[in-house]
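Containing mmCIF, C-alpha atoms: protein-v4.cif.
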```
data_data
loop_
_atom_site.group_PDB
_atom_site.id
_atom_site.type_symbol
_atom_site.label_atom_id
_atom_site.label_comp_id
_atom_site.auth_asym_id
_atom_site.auth_seq_id
_atom_site.Cartn_x
_atom_site.Cartn_y
_atom_site.Cartn_z
ATOM 1 C CA MET A 5 19.477 -96.268 27.163
ATOM 2 C CA THR A 6 21.736 -98.791 28.864
ATOM 3 C CA LEU A 7 23.665 -98.054 32.034
ATOM 4 C CA GLU A 8 27.229 -96.793 31.770
ATOM 5 C CA ILE A 9 29.451 -98.315 34.438
ATOM 6 C CA LEU A 10 33.076 -97.248 34.881
ATOM 7 C CA THR A 11 35.368 -99.923 36.315
ATOM 8 C CA SER A 12 39.031 -100.349 37.224
ATOM 9 C CA ASP A 13 41.397 -103.247 36.620
ATOM 10 C CA ALA A 14 42.872 -102.480 40.048
ATOM 11 C CA LEU A 15 39.795 -104.003 41.678
ATOM 12 C CA GLY A 16 40.367 -107.264 39.871
ATOM 13 C CA GLY A 17 37.469 -109.579 39.230
ATOM 14 C CA LEU A 18 35.209 -108.059 41.867
ATOM 15 C CA ARG A 19 31.855 -106.775 40.634
ATOM 16 C CA HIS A 20 31.991 -103.020 41.070
ATOM 17 C CA GLY A 21 31.256 -99.810 39.272
ATOM 18 C CA PHE A 22 31.188 -96.048 39.261
ATOM 19 C CA PHE A 23 27.798 -95.507 37.618
ATOM 20 C CA THR A 24 27.355 -92.440 35.426
ATOM 21 C CA ARG A 25 23.974 -90.708 35.050
ATOM 22 C CA LEU A 26 23.234 -92.523 31.777
ATOM 23 C CA GLY A 27 20.452 -95.082 31.604
ATOM 24 C CA GLY A 28 18.157 -93.889 34.385
ATOM 25 C CA ALA A 29 14.444 -93.126 34.702
ATOM 26 C CA SER A 30 14.640 -89.606 36.166
ATOM 27 C CA SER A 31 13.826 -86.443 34.205
ATOM 28 C CA GLY A 32 14.372 -82.684 34.351
ATOM 29 C CA VAL A 33 17.470 -81.582 36.261
ATOM 30 C CA PHE A 34 17.718 -85.182 37.520
ATOM 31 C CA ALA A 35 17.626 -86.676 34.008
ATOM 32 C CA GLY A 36 19.240 -90.081 34.148
ATOM 33 C CA LEU A 37 20.281 -92.424 36.947
ATOM 34 C CA ASN A 38 19.662 -90.277 40.029
ATOM 35 C CA CYS A 39 20.037 -92.567 43.057
ATOM 36 C CA GLY A 40 19.670 -89.911 45.742
ATOM 37 C CA THR A 41 16.748 -90.613 48.049
ATOM 38 C CA GLY A 42 17.471 -87.271 49.710
ATOM 39 C CA SER A 43 16.855 -85.341 46.496
ATOM 40 C CA SER A 44 13.512 -83.817 45.512
ATOM 41 C CA ASP A 45 13.253 -86.192 42.565
ATOM 42 C CA GLN A 46 10.190 -88.439 42.284
ATOM 43 C CA SER A 47 10.651 -91.322 44.725
ATOM 44 C CA GLU A 48 9.336 -93.780 42.134
ATOM 45 C CA ALA A 49 12.053 -92.769 39.667
ATOM 46 C CA VAL A 50 14.789 -93.053 42.301
ATOM 47 C CA ALA A 51 13.502 -96.506 43.270
ATOM 48 C CA ILE A 52 13.620 -97.614 39.626
ATOM 49 C CA ASN A 53 17.159 -96.278 39.292
ATOM 50 C CA ARG A 54 18.391 -98.039 42.414
ATOM 51 C CA ALA A 55 16.735 -101.257 41.269
ATOM 52 C CA ARG A 56 18.642 -101.015 37.980
ATOM 53 C CA VAL A 57 21.899 -100.579 39.897
ATOM 54 C CA ALA A 58 21.085 -103.534 42.152
ATOM 55 C CA ASP A 59 20.373 -105.638 39.072
ATOM 56 C CA ALA A 60 23.706 -104.611 37.530
ATOM 57 C CA MET A 61 25.430 -105.583 40.781
ATOM 58 C CA GLN A 62 23.484 -108.870 40.809
ATOM 59 C CA VAL A 63 21.954 -108.317 44.232
ATOM 60 C CA SER A 64 18.430 -107.719 45.498
ATOM 61 C CA THR A 65 17.420 -104.094 46.012
ATOM 62 C CA ASP A 66 17.593 -104.432 49.804
ATOM 63 C CA ALA A 67 21.141 -105.802 49.515
ATOM 64 C CA LEU A 68 22.307 -102.575 47.824
ATOM 65 C CA ILE A 69 23.396 -100.863 51.026
ATOM 66 C CA THR A 70 23.965 -97.147 51.504
ATOM 67 C CA VAL A 71 24.208 -94.894 54.552
ATOM 68 C CA HIS A 72 22.910 -91.461 55.528
ATOM 69 C CA GLN A 73 25.966 -89.413 54.564
ATOM 70 C CA VAL A 74 26.922 -86.483 56.816
ATOM 71 C CA HIS A 75 30.490 -85.529 55.703
ATOM 72 C CA SER A 76 32.035 -87.362 58.649
ATOM 73 C CA ALA A 77 34.855 -89.832 59.221
ATOM 74 C CA THR A 78 32.436 -92.480 60.513
ATOM 75 C CA VAL A 79 32.568 -95.982 59.010
ATOM 76 C CA ALA A 80 29.688 -98.466 59.251
ATOM 77 C CA LEU A 81 29.945 -102.255 59.101
ATOM 78 C CA ALA A 82 27.613 -104.018 56.666
ATOM 79 C CA ASP A 83 27.269 -107.670 57.630
ATOM 80 C CA THR A 84 23.544 -108.276 57.002
ATOM 81 C CA VAL A 85 20.735 -106.735 54.969
ATOM 82 C CA PRO A 86 19.916 -103.651 57.073
ATOM 83 C CA ALA A 87 16.655 -102.524 58.622
ATOM 84 C CA ASP A 88 14.926 -99.426 57.254
ATOM 85 C CA ASP A 89 17.008 -96.963 59.273
ATOM 86 C CA ARG A 90 20.320 -96.097 57.634
ATOM 87 C CA PRO A 91 23.144 -95.198 60.028
ATOM 88 C CA GLN A 92 24.802 -91.799 59.781
ATOM 89 C CA ALA A 93 28.198 -92.542 58.269
ATOM 90 C CA ASP A 94 30.295 -91.804 55.206
ATOM 91 C CA ALA A 95 31.861 -95.181 54.544
ATOM 92 C CA LEU A 96 30.949 -98.844 54.615
ATOM 93 C CA VAL A 97 33.060 -101.995 54.937
ATOM 94 C CA THR A 98 32.115 -105.652 54.667
ATOM 95 C CA ALA A 99 33.503 -109.153 54.405
ATOM 96 C CA THR A 100 30.071 -110.632 53.670
ATOM 97 C CA PRO A 101 29.492 -111.995 50.172
ATOM 98 C CA GLY A 102 26.263 -110.999 48.451
ATOM 99 C CA LEU A 103 26.068 -107.469 49.827
ATOM 100 C CA ALA A 104 26.757 -104.491 47.574
ATOM 101 C CA ILE A 105 27.996 -101.482 49.531
ATOM 102 C CA ALA A 106 27.617 -98.093 47.873
ATOM 103 C CA VAL A 107 28.075 -94.354 48.306
ATOM 104 C CA LEU A 108 26.403 -91.380 46.624
ATOM 105 C CA THR A 109 28.279 -88.364 45.278
ATOM 106 C CA ALA A 110 27.880 -85.235 43.165
ATOM 107 C CA ASP A 111 31.433 -83.772 43.159
ATOM 108 C CA CYS A 112 32.807 -85.437 46.310
ATOM 109 C CA GLN A 113 35.089 -88.442 45.880
ATOM 110 C CA PRO A 114 33.570 -91.915 45.667
ATOM 111 C CA VAL A 115 36.284 -94.360 46.721
ATOM 112 C CA LEU A 116 36.031 -98.140 46.289
ATOM 113 C CA LEU A 117 38.565 -100.321 48.090
ATOM 114 C CA ALA A 118 39.349 -104.030 48.177
ATOM 115 C CA ASP A 119 41.766 -106.576 49.574
ATOM 116 C CA ILE A 120 40.785 -109.300 47.152
ATOM 117 C CA GLU A 121 42.804 -112.063 48.822
ATOM 118 C CA ALA A 122 41.314 -111.367 52.267
ATOM 119 C CA GLY A 123 37.806 -110.873 50.894
ATOM 120 C CA VAL A 124 37.276 -107.439 52.442
ATOM 121 C CA ILE A 125 35.863 -104.397 50.639
ATOM 122 C CA GLY A 126 35.070 -100.788 51.427
ATOM 123 C CA ALA A 127 33.265 -97.809 49.926
ATOM 124 C CA ALA A 128 33.792 -94.223 51.085
ATOM 125 C CA HIS A 129 32.296 -90.792 50.402
ATOM 126 C CA ALA A 130 35.071 -88.240 50.777
ATOM 127 C CA GLY A 131 34.491 -84.554 50.219
ATOM 128 C CA TRP A 132 37.097 -82.098 51.412
ATOM 129 C CA ARG A 133 35.776 -82.151 54.975
ATOM 130 C CA GLY A 134 35.564 -85.932 55.270
ATOM 131 C CA ALA A 135 38.949 -86.399 53.636
ATOM 132 C CA LEU A 136 40.537 -83.855 55.960
ATOM 133 C CA ASP A 137 38.895 -85.433 59.005
ATOM 134 C CA GLY A 138 40.220 -88.874 58.063
ATOM 135 C CA VAL A 139 37.381 -90.881 56.493
ATOM 136 C CA LEU A 140 39.763 -92.646 54.101
ATOM 137 C CA GLU A 141 42.182 -93.662 56.844
ATOM 138 C CA ALA A 142 39.230 -94.772 58.989
ATOM 139 C CA THR A 143 37.956 -96.949 56.138
ATOM 140 C CA VAL A 144 41.341 -98.628 55.763
ATOM 141 C CA ASP A 145 41.485 -99.166 59.544
ATOM 142 C CA ALA A 146 38.003 -100.732 59.524
ATOM 143 C CA MET A 147 38.956 -103.042 56.652
ATOM 144 C CA GLU A 148 42.052 -104.109 58.577
ATOM 145 C CA GLN A 149 39.870 -105.019 61.546
ATOM 146 C CA LEU A 150 37.949 -107.369 59.242
ATOM 147 C CA GLY A 151 41.153 -109.129 58.198
ATOM 148 C CA ALA A 152 42.447 -107.005 55.329
ATOM 149 C CA ARG A 153 46.132 -106.225 55.029
ATOM 150 C CA ARG A 154 46.555 -102.556 54.202
ATOM 151 C CA GLY A 155 49.465 -103.190 51.884
ATOM 152 C CA ALA A 156 47.212 -105.503 49.861
ATOM 153 C CA ILE A 157 44.373 -102.983 49.549
ATOM 154 C CA SER A 158 43.680 -101.381 46.183
ATOM 155 C CA ALA A 159 41.745 -98.096 46.291
ATOM 156 C CA VAL A 160 40.153 -96.344 43.333
ATOM 157 C CA ILE A 161 38.770 -92.808 43.355
ATOM 158 C CA GLY A 162 35.935 -92.433 40.880
ATOM 159 C CA PRO A 163 34.460 -89.378 39.141
ATOM 160 C CA THR A 164 34.938 -86.271 41.285
ATOM 161 C CA ILE A 165 35.400 -82.562 40.759
ATOM 162 C CA GLY A 166 38.765 -81.777 39.168
ATOM 163 C CA GLN A 167 41.101 -79.044 40.331
ATOM 164 C CA PRO A 168 40.448 -76.604 37.440
ATOM 165 C CA ALA A 169 36.738 -76.551 38.342
ATOM 166 C CA TYR A 170 37.112 -76.482 42.128
ATOM 167 C CA GLU A 171 37.514 -72.806 43.026
ATOM 168 C CA VAL A 172 37.711 -72.077 46.763
ATOM 169 C CA GLY A 173 38.566 -69.246 49.102
ATOM 170 C CA PRO A 174 41.703 -68.770 51.228
ATOM 171 C CA GLU A 175 39.828 -69.886 54.336
ATOM 172 C CA LEU A 176 39.766 -73.464 53.024
ATOM 173 C CA ARG A 177 43.531 -73.431 52.535
ATOM 174 C CA ASP A 178 43.890 -72.089 56.075
ATOM 175 C CA SER A 179 41.880 -75.068 57.387
ATOM 176 C CA PHE A 180 44.182 -77.464 55.548
ATOM 177 C CA ARG A 181 47.317 -75.640 56.638
ATOM 178 C CA ALA A 182 46.273 -76.080 60.258
ATOM 179 C CA ALA A 183 46.067 -79.861 59.831
ATOM 180 C CA VAL A 184 48.385 -80.822 56.963
ATOM 181 C CA PRO A 185 52.051 -79.727 56.955
ATOM 182 C CA ASP A 186 52.401 -79.614 53.158
ATOM 183 C CA ALA A 187 48.860 -78.439 52.371
ATOM 184 C CA ASP A 188 49.896 -75.719 49.921
ATOM 185 C CA ARG A 189 50.800 -78.224 47.229
ATOM 186 C CA PHE A 190 47.115 -79.100 46.818
ATOM 187 C CA PHE A 191 46.148 -75.505 45.992
ATOM 188 C CA ALA A 192 46.813 -73.581 42.776
ATOM 189 C CA ALA A 193 46.452 -69.823 42.347
ATOM 190 C CA GLY A 194 43.287 -68.509 40.726
ATOM 191 C CA THR A 195 41.891 -65.034 40.125
ATOM 192 C CA GLY A 196 42.364 -62.574 42.966
ATOM 193 C CA ASP A 197 42.333 -64.416 46.256
ATOM 194 C CA ARG A 198 40.628 -67.436 44.706
ATOM 195 C CA LEU A 199 42.369 -70.827 44.719
ATOM 196 C CA HIS A 200 41.810 -74.158 43.005
ATOM 197 C CA PHE A 201 41.821 -77.200 45.277
ATOM 198 C CA ASP A 202 43.011 -80.613 44.084
ATOM 199 C CA LEU A 203 40.511 -82.887 45.851
ATOM 200 C CA PRO A 204 41.476 -86.167 44.123
ATOM 201 C CA GLY A 205 45.154 -85.344 44.570
ATOM 202 C CA PHE A 206 44.569 -84.922 48.283
ATOM 203 C CA GLY A 207 42.563 -88.151 48.394
ATOM 204 C CA LEU A 208 45.340 -90.097 46.702
ATOM 205 C CA ASP A 209 47.877 -88.666 49.126
ATOM 206 C CA ARG A 210 45.796 -89.684 52.139
ATOM 207 C CA LEU A 211 45.318 -93.204 50.821
ATOM 208 C CA ARG A 212 49.024 -93.658 50.118
ATOM 209 C CA ARG A 213 49.977 -92.290 53.528
ATOM 210 C CA ALA A 214 47.509 -94.776 55.040
ATOM 211 C CA GLY A 215 49.629 -97.535 53.509
ATOM 212 C CA VAL A 216 47.380 -98.959 50.805
ATOM 213 C CA GLY A 217 49.198 -101.011 48.198
ATOM 214 C CA HIS A 218 47.690 -99.212 45.209
ATOM 215 C CA ALA A 219 45.706 -95.991 44.770
ATOM 216 C CA GLU A 220 44.442 -94.376 41.571
ATOM 217 C CA TRP A 221 41.880 -91.889 40.233
ATOM 218 C CA THR A 222 39.799 -92.636 37.147
ATOM 219 C CA ARG A 223 40.466 -89.021 36.054
ATOM 220 C CA HIS A 224 36.825 -88.144 35.349
ATOM 221 C CA CYS A 225 35.720 -84.641 36.405
ATOM 222 C CA THR A 226 32.062 -84.431 37.416
ATOM 223 C CA TYR A 227 31.768 -80.681 36.853
ATOM 224 C CA SER A 228 33.159 -80.743 33.324
ATOM 225 C CA ASP A 229 30.935 -83.467 31.830
ATOM 226 C CA PRO A 230 27.225 -82.694 32.381
ATOM 227 C CA LEU A 231 26.076 -85.422 29.996
ATOM 228 C CA ARG A 232 27.604 -88.169 32.149
ATOM 229 C CA PHE A 233 27.843 -86.803 35.682
ATOM 230 C CA TYR A 234 25.829 -84.861 38.239
ATOM 231 C CA SER A 235 27.610 -81.961 39.928
ATOM 232 C CA TYR A 236 26.491 -80.003 42.971
ATOM 233 C CA ARG A 237 28.726 -77.074 42.091
ATOM 234 C CA ARG A 238 27.555 -76.942 38.493
ATOM 235 C CA SER A 239 23.938 -76.977 39.654
ATOM 236 C CA GLN A 240 24.693 -74.030 41.944
ATOM 237 C CA HIS A 241 26.318 -72.076 39.129
ATOM 238 C CA ARG A 242 23.313 -72.763 36.901
ATOM 239 C CA GLN A 243 20.940 -71.842 39.765
ATOM 240 C CA GLU A 244 19.083 -75.114 39.444
ATOM 241 C CA ALA A 245 16.643 -76.121 42.171
ATOM 242 C CA ASP A 246 18.350 -79.429 42.960
ATOM 243 C CA TYR A 247 20.811 -81.975 41.589
ATOM 244 C CA GLY A 248 21.134 -85.718 41.122
ATOM 245 C CA ARG A 249 23.446 -88.088 42.944
ATOM 246 C CA LEU A 250 25.746 -90.618 41.316
ATOM 247 C CA ILE A 251 26.176 -94.053 42.860
ATOM 248 C CA SER A 252 29.345 -96.136 43.177
ATOM 249 C CA ALA A 253 29.153 -99.719 44.414
ATOM 250 C CA ILE A 254 31.237 -102.817 45.075
ATOM 251 C CA ARG A 255 30.475 -106.370 46.208
ATOM 252 C CA LEU A 256 32.232 -109.637 46.969
#
```
If you convert what's in this file into structure tokens, what do you get?
Amino acid sequence: MTLEILTSDALGGLRHGFFTRLGGASSGVFAGLNCGTGSSDQSEAVAINRARVADAMQVSTDALITVHQVHSATVALADTVPADDRPQADALVTATPGLAIAVLTADCQPVLLADIEAGVIGAAHAGWRGALDGVLEATVDAMEQLGARRGAISAVIGPTIGQPAYEVGPELRDSFRAAVPDADRFFAAGTGDRLHFDLPGFGLDRLRRAGVGHAEWTRHCTYSDPLRFYSYRRSQHRQEADYGRLISAIRL
């Protein structure tokens, strides 16, 4: 089966993609293109999957750069092929041609960003915690330091968990209320005290407030489409032992 790669016209002619789970070598609960080295999947299968992604991005496997994600607002600079140790961060930026920067997700937002004219790109992993703590704004700031102009940046949120599937408790809304003046508009009433959080809506709002010229969501929900996407929350509801990780990448 061939790889399925979702792209956006907003990122112009840059090679990029939000890879679905289709076309990979993994099996079982990981069936497909699991690129998560931190999963309990067979390391050989993950290596094959990442090699297929690198090939699709037209880079060597060591030039497909990821970080050790920790749900932070930390941004790493990718300017050379890295050593074995991956930094703890949740976003990458680069102005170096030939490097593909990538993030892994399984419900959280993968966000690819580019100022095409300046030749600066970014990739961010933004769950609710990272988004609230400012990882998207920090990514835009880091791109600006490399020469990007924030008004010229296009940002695209890829497959992430949609609001109807993202049930949360009132304590999460309280955390947002303490930091965001108009937080209530990102929460819809559910059953009892349950709420439904609009993660991509919040991500779009943060990007626009950061001053990017264009921001959009591909409108794919990871939870609702098990054939194409991995989902941490769905795996928990099914009581599965583990889950795969999707990869999203961009290069100059």
Report as CSV the residues of range 9-82 of chain A within 10 Å of range 198-220 of chain A, each with its shortest atom pair and distance in Å (one decimal), using all atoms listed in the file, ordered by chain and increasing residue number.
```
residue,atom,partner,partner_atom,distance
A:Ser12,CA,A:Glu220,CA,9.2
A:Ala14,CA,A:His218,CA,7.8
A:Leu15,CA,A:His218,CA,9.9
```
### Message
Taking 2 positions as the minimum chain separation for residues in the same chain, which residues sit within 10 Å of Asp119 in chain A when counting all atoms listed in the file? Answer as number ranges by chain.
### Response
A: 15-16, 99, 117, 121-126, 147-148, 151-159, 216-217
### Selection dump of the PyMOL selection byres ((chain A and resi 134-139) around 12), as a VMD selection string
chain A and resid 73 to 80 93 to 96 112 to 115 126 to 133 140 to 146 176 to 177 179 to 184 187 202 to 211 213 to 214
#### Entry: Resolved residues for the PyMOL selection byres ((chain A and resi 108) around 8) as a list in words
Cys39, Gly40, Thr70, Ala106, Val107, Thr109, Ala110, Pro114, His129, Arg249, Leu250, Ile251 and Ser252 of chain A
### Message
With the PyMOL selection byres ((chain A and resi 86) around 10) as the selection, what would be picked from this file? Answer as a VMD selection string, please.
### Response
chain A and resid 66 to 70 82 to 85 87 to 91
Long-range neighbours of Leu10 in chain A as a compact mmCIF listing (two decimals) with C-alpha atoms, keeping the file's coordinate frame, 8 Å cut-off, only C-alpha atoms, 5 positions minimum in chain:
```txt
# COMPACT_ATOMS: atom_id res chain seq x y z
CA GLY A 21 31.26 -99.81 39.27
CA PHE A 22 31.19 -96.05 39.26
CA PHE A 23 27.80 -95.51 37.62
CA THR A 24 27.36 -92.44 35.43
```
### Task
Compile the contact shell of range 25-31 of chain A as a PyMOL selection string: residues with an atom at most 10 Å away, counting all atoms listed in the file, same-chain residues fewer than 5 positions apart removed.
chain A and resi 5-9+36-39+45-54+56-57+230-234+248-251
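Taking CA of Ala253 in chain A and CA of Gly166 in chain A as endpoints, the distance between them is 21.0 Å.
Taking CA of Leu150 in chain A as the reference point, CA of Thr222 in chain A is found at 26.6 Å.
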